[in-house]
Amino acid sequence: YTDFGGLQGILETNTLRATYTKVFNDGSERRYGETVVSTVLKSLLNADDECWRDAIATALNDASRRTFVTCFCETWDLLSMWRTYAGHGGGYCLGFASASLDNLGKDAHLRRIIYGANLPNRISGWLEHLAMLLNENFDTASPLLDFIPMLADIIKHEAFSEEKEWRLIITDPGLERMMFRAGTVNIRPYIDLSSSMGNERLPLKEVIYGPILREEDQPGGIIDWMLQKNGYKDVHVMPCNIPYRL
């Protein structure tokens, strides 16, 4: 979901923007994930070894680890998303081929967000295995703690479950790739993501325009002109058809 500036920028530059997670609008997002992961893991470790708990906290709070993400949604028909991220309903929803998003850089990984503290079996099982290894030989298993922050990046409070979010995650991209822009109350570092296959376009499959855009202004046809001008072919353009007006 984006406004016209976002649509225009993505098409003209053939890039997506990944933002540093610690400057998101909701600063509590990552802290929640950290709390869930650390609580589960600490409950599985031997209770008499406080230094292991300190090591977990250190891994989660590693200031040198820099995570950047681009956020997506599974569906295009959420009115709350249109209102919040797409110009109060006058913006656009861009649909991408998810299988191709991992190609936007060798270090990009697409992950589905987990909502709430009830972790899926594949995650809880991995944490149980990690705790077993730590309990047996902490020094040997401690490098695996580097994976803990990655889990924290994909866990959000269940109150956000309506968003049905996926994230394209890039870790430690390097200062040479970073750019900066002004946020509302902060500075927002970001990086650009483009196809790793030379001049290929982004894997854009459809553009849905918002409910308050008037059909008599021919938004579909004009969006198609923009797509053609910027080298995008076979992209489906359609209205969202939500009965919503300002």
# chains A, B, ... in the order shown; residues from 1 in each chain; ligands from 1
$ select_by_dssp --residues "range 37-144 of chain A" --states "strand (DSSP E or B)" --output "PyMOL selection string"
chain A and resi 67-73+92-96+108-112+114-115
$ residues_around --residues "range 185-197 of chain A" --least-positions-apart "2" --cutoff "8 Å" --atoms "only C-alpha atoms" --output "list in words"
Asn14, Thr15, Leu16, Arg17, Ala18, Thr19, Tyr20, Val23, Phe68, Asn103, Leu104, Gly105, Lys106, Arg177, Met178, Met179, Phe180, Arg181, Ala182, Gly183, Asn199, Glu200, Arg201 and Leu202 of chain A
$ residues_around --residues "range 121-124 of chain A" --least-positions-apart "3" --cutoff "9 Å" --atoms "only C-alpha atoms" --output "JSON, numbers by chain"
{"A": [40, 118, 127, 128, 129, 151]}
$ write_last_selection --atoms "C-alpha atoms" --output "short mmCIF file (atom, residue, chain, number, x, y, z; two decimals), in the first residue's frame"
data_model
loop_
_atom_site.label_atom_id
_atom_site.label_comp_id
_atom_site.auth_asym_id
_atom_site.auth_seq_id
_atom_site.Cartn_x
_atom_site.Cartn_y
_atom_site.Cartn_z
CA VAL A 40 10.48 -18.76 25.82
CA ASN A 118 1.93 -18.70 20.75
CA LEU A 127 14.12 -22.90 20.41
CA GLU A 128 13.78 -26.14 22.36
CA HIS A 129 16.66 -27.64 20.39
CA LEU A 151 13.19 -14.36 15.21
#
$ select_by_dssp --residues "range 17-246 of chain A" --states "alpha helix (DSSP H)" --output "JSON, numbers by chain"
{"A": [28, 29, 30, 31, 32, 33, 34, 35, 36, 37, 38, 39, 40, 41, 42, 43, 44, 50, 51, 52, 53, 54, 55, 56, 57, 58, 59, 60, 79, 80, 81, 82, 83, 84, 85, 98, 99, 100, 101, 121, 122, 123, 124, 125, 126, 127, 128, 129, 130, 131, 132, 133, 134, 135, 136, 138, 139, 140, 141, 148, 149, 150, 151, 152, 219, 220, 221, 222, 223, 224, 225, 226, 227, 228, 229]}
$ atom_distance --atom1 "CA of Tyr115 in chain A" --atom2 "CA of Tyr85 in chain A"
20.3 Å
$ closest_residue --among "A:Pro149, A:Pro243, A:Pro219, A:Gly95" --to "Lys205 in chain A" --atoms "only C-alpha atoms"
A:Gly95
$ residues_around --residues "His109 in chain A" --least-positions-apart "2" --cutoff "10 Å" --atoms "only C-alpha atoms" --output "PDB file with all heavy atoms, in the first residue's frame"
ATOM      1  N   VAL A  69      13.900  -3.534   6.618  1.00  0.00           N
ATOM      2  CA  VAL A  69      12.797  -4.336   6.084  1.00  0.00           C
ATOM      3  C   VAL A  69      11.915  -3.522   5.140  1.00  0.00           C
ATOM      4  O   VAL A  69      11.766  -2.304   5.280  1.00  0.00           O
ATOM      5  CB  VAL A  69      11.908  -4.929   7.201  1.00  0.00           C
ATOM      6  CG1 VAL A  69      12.733  -5.767   8.168  1.00  0.00           C
ATOM      7  CG2 VAL A  69      11.147  -3.868   7.945  1.00  0.00           C
ATOM      8  N   LEU A 101      10.707 -12.051  -4.885  1.00  0.00           N
ATOM      9  CA  LEU A 101      11.192 -10.956  -4.047  1.00  0.00           C
ATOM     10  C   LEU A 101      12.547 -11.265  -3.420  1.00  0.00           C
ATOM     11  O   LEU A 101      13.331 -10.360  -3.147  1.00  0.00           O
ATOM     12  CB  LEU A 101      10.166 -10.632  -2.957  1.00  0.00           C
ATOM     13  CG  LEU A 101       8.898  -9.932  -3.449  1.00  0.00           C
ATOM     14  CD1 LEU A 101       7.883  -9.827  -2.319  1.00  0.00           C
ATOM     15  CD2 LEU A 101       9.215  -8.547  -4.007  1.00  0.00           C
ATOM     16  N   ASP A 102      12.837 -12.551  -3.180  1.00  0.00           N
ATOM     17  CA  ASP A 102      14.145 -12.920  -2.633  1.00  0.00           C
ATOM     18  C   ASP A 102      15.280 -12.575  -3.588  1.00  0.00           C
ATOM     19  O   ASP A 102      16.446 -12.546  -3.185  1.00  0.00           O
ATOM     20  CB  ASP A 102      14.194 -14.418  -2.325  1.00  0.00           C
ATOM     21  CG  ASP A 102      13.503 -14.756  -1.008  1.00  0.00           C
ATOM     22  OD1 ASP A 102      13.280 -13.826  -0.212  1.00  0.00           O
ATOM     23  OD2 ASP A 102      13.181 -15.922  -0.783  1.00  0.00           O
ATOM     24  N   ASN A 103      14.960 -12.320  -4.848  1.00  0.00           N
ATOM     25  CA  ASN A 103      15.997 -11.980  -5.826  1.00  0.00           C
ATOM     26  C   ASN A 103      16.435 -10.523  -5.743  1.00  0.00           C
ATOM     27  O   ASN A 103      17.327 -10.108  -6.478  1.00  0.00           O
ATOM     28  CB  ASN A 103      15.503 -12.269  -7.248  1.00  0.00           C
ATOM     29  CG  ASN A 103      15.301 -13.750  -7.499  1.00  0.00           C
ATOM     30  OD1 ASN A 103      15.981 -14.592  -6.922  1.00  0.00           O
ATOM     31  ND2 ASN A 103      14.343 -14.077  -8.357  1.00  0.00           N
ATOM     32  N   LEU A 104      15.793  -9.754  -4.873  1.00  0.00           N
ATOM     33  CA  LEU A 104      16.168  -8.343  -4.736  1.00  0.00           C
ATOM     34  C   LEU A 104      17.366  -8.214  -3.798  1.00  0.00           C
ATOM     35  O   LEU A 104      17.316  -7.605  -2.737  1.00  0.00           O
ATOM     36  CB  LEU A 104      14.975  -7.538  -4.210  1.00  0.00           C
ATOM     37  CG  LEU A 104      13.714  -7.585  -5.069  1.00  0.00           C
ATOM     38  CD1 LEU A 104      12.634  -6.689  -4.484  1.00  0.00           C
ATOM     39  CD2 LEU A 104      14.008  -7.195  -6.509  1.00  0.00           C
ATOM     40  N   GLY A 105      18.451  -8.805  -4.198  1.00  0.00           N
ATOM     41  CA  GLY A 105      19.675  -8.784  -3.395  1.00  0.00           C
ATOM     42  C   GLY A 105      19.934 -10.154  -2.800  1.00  0.00           C
ATOM     43  O   GLY A 105      19.014 -10.845  -2.352  1.00  0.00           O
ATOM     44  N   LYS A 106      21.185 -10.547  -2.779  1.00  0.00           N
ATOM     45  CA  LYS A 106      21.547 -11.881  -2.285  1.00  0.00           C
ATOM     46  C   LYS A 106      21.289 -12.038  -0.793  1.00  0.00           C
ATOM     47  O   LYS A 106      21.226 -13.163  -0.284  1.00  0.00           O
ATOM     48  CB  LYS A 106      23.020 -12.154  -2.582  1.00  0.00           C
ATOM     49  CG  LYS A 106      23.989 -11.185  -1.891  1.00  0.00           C
ATOM     50  CD  LYS A 106      25.427 -11.495  -2.254  1.00  0.00           C
ATOM     51  CE  LYS A 106      26.394 -10.529  -1.567  1.00  0.00           C
ATOM     52  NZ  LYS A 106      27.804 -10.815  -1.916  1.00  0.00           N
ATOM     53  N   ASP A 107      21.148 -10.924  -0.081  1.00  0.00           N
ATOM     54  CA  ASP A 107      20.965 -10.982   1.364  1.00  0.00           C
ATOM     55  C   ASP A 107      19.525 -10.705   1.782  1.00  0.00           C
ATOM     56  O   ASP A 107      19.246 -10.470   2.952  1.00  0.00           O
ATOM     57  CB  ASP A 107      21.899  -9.991   2.058  1.00  0.00           C
ATOM     58  CG  ASP A 107      21.779  -8.579   1.487  1.00  0.00           C
ATOM     59  OD1 ASP A 107      21.041  -8.399   0.491  1.00  0.00           O
ATOM     60  OD2 ASP A 107      22.422  -7.667   2.028  1.00  0.00           O
ATOM     61  N   ARG A 111       9.906 -13.183   4.800  1.00  0.00           N
ATOM     62  CA  ARG A 111       9.417 -13.934   5.948  1.00  0.00           C
ATOM     63  C   ARG A 111       8.011 -13.465   6.326  1.00  0.00           C
ATOM     64  O   ARG A 111       7.717 -12.270   6.297  1.00  0.00           O
ATOM     65  CB  ARG A 111      10.346 -13.762   7.149  1.00  0.00           C
ATOM     66  CG  ARG A 111      11.761 -14.289   6.930  1.00  0.00           C
ATOM     67  CD  ARG A 111      11.783 -15.795   6.863  1.00  0.00           C
ATOM     68  NE  ARG A 111      13.135 -16.322   6.716  1.00  0.00           N
ATOM     69  CZ  ARG A 111      13.710 -16.623   5.554  1.00  0.00           C
ATOM     70  NH1 ARG A 111      13.028 -16.445   4.416  1.00  0.00           N
ATOM     71  NH2 ARG A 111      14.930 -17.114   5.511  1.00  0.00           N
ATOM     72  N   ARG A 167       7.547  -9.648   5.548  1.00  0.00           N
ATOM     73  CA  ARG A 167       8.667  -8.716   5.509  1.00  0.00           C
ATOM     74  C   ARG A 167       9.805  -9.263   4.665  1.00  0.00           C
ATOM     75  O   ARG A 167      10.183 -10.429   4.785  1.00  0.00           O
ATOM     76  CB  ARG A 167       9.187  -8.443   6.932  1.00  0.00           C
ATOM     77  CG  ARG A 167       8.266  -7.563   7.754  1.00  0.00           C
ATOM     78  CD  ARG A 167       8.846  -7.291   9.133  1.00  0.00           C
ATOM     79  NE  ARG A 167       8.022  -6.312   9.842  1.00  0.00           N
ATOM     80  CZ  ARG A 167       8.266  -5.883  11.073  1.00  0.00           C
ATOM     81  NH1 ARG A 167       9.312  -6.352  11.735  1.00  0.00           N
ATOM     82  NH2 ARG A 167       7.484  -4.982  11.639  1.00  0.00           N
ATOM     83  N   LEU A 168      10.337  -8.378   3.828  1.00  0.00           N
ATOM     84  CA  LEU A 168      11.576  -8.673   3.127  1.00  0.00           C
ATOM     85  C   LEU A 168      12.686  -8.108   4.004  1.00  0.00           C
ATOM     86  O   LEU A 168      12.779  -6.888   4.196  1.00  0.00           O
ATOM     87  CB  LEU A 168      11.565  -8.023   1.744  1.00  0.00           C
ATOM     88  CG  LEU A 168      12.655  -8.461   0.770  1.00  0.00           C
ATOM     89  CD1 LEU A 168      12.560  -9.951   0.481  1.00  0.00           C
ATOM     90  CD2 LEU A 168      12.567  -7.665  -0.523  1.00  0.00           C
ATOM     91  N   ILE A 169      13.517  -8.984   4.558  1.00  0.00           N
ATOM     92  CA  ILE A 169      14.463  -8.616   5.597  1.00  0.00           C
ATOM     93  C   ILE A 169      15.890  -8.630   5.060  1.00  0.00           C
ATOM     94  O   ILE A 169      16.317  -9.583   4.407  1.00  0.00           O
ATOM     95  CB  ILE A 169      14.355  -9.580   6.800  1.00  0.00           C
ATOM     96  CG1 ILE A 169      12.927  -9.549   7.359  1.00  0.00           C
ATOM     97  CG2 ILE A 169      15.366  -9.233   7.883  1.00  0.00           C
ATOM     98  CD1 ILE A 169      12.676 -10.577   8.446  1.00  0.00           C
ATOM     99  N   ILE A 170      16.630  -7.566   5.358  1.00  0.00           N
ATOM    100  CA  ILE A 170      18.036  -7.458   4.987  1.00  0.00           C
ATOM    101  C   ILE A 170      18.810  -7.108   6.249  1.00  0.00           C
ATOM    102  O   ILE A 170      18.509  -6.117   6.929  1.00  0.00           O
ATOM    103  CB  ILE A 170      18.277  -6.369   3.913  1.00  0.00           C
ATOM    104  CG1 ILE A 170      17.453  -6.672   2.674  1.00  0.00           C
ATOM    105  CG2 ILE A 170      19.753  -6.279   3.547  1.00  0.00           C
ATOM    106  CD1 ILE A 170      16.078  -6.040   2.682  1.00  0.00           C
ATOM    107  N   THR A 171      19.804  -7.896   6.579  1.00  0.00           N
ATOM    108  CA  THR A 171      20.585  -7.694   7.799  1.00  0.00           C
ATOM    109  C   THR A 171      21.990  -7.211   7.466  1.00  0.00           C
ATOM    110  O   THR A 171      22.659  -7.779   6.605  1.00  0.00           O
ATOM    111  CB  THR A 171      20.664  -9.002   8.607  1.00  0.00           C
ATOM    112  OG1 THR A 171      19.339  -9.446   8.912  1.00  0.00           O
ATOM    113  CG2 THR A 171      21.420  -8.785   9.902  1.00  0.00           C
TER     114      THR A 171
END
$ closest_residue --among "A:Tyr1, A:Phe72, A:Tyr32, A:Tyr232" --to "Trp166 in chain A" --atoms "only C-alpha atoms"
A:Phe72
$ closest_residue --among "A:Ser100, A:Thr2, A:Thr35, A:Asn46" --to "Cys71 in chain A" --atoms "only C-alpha atoms"
A:Thr2
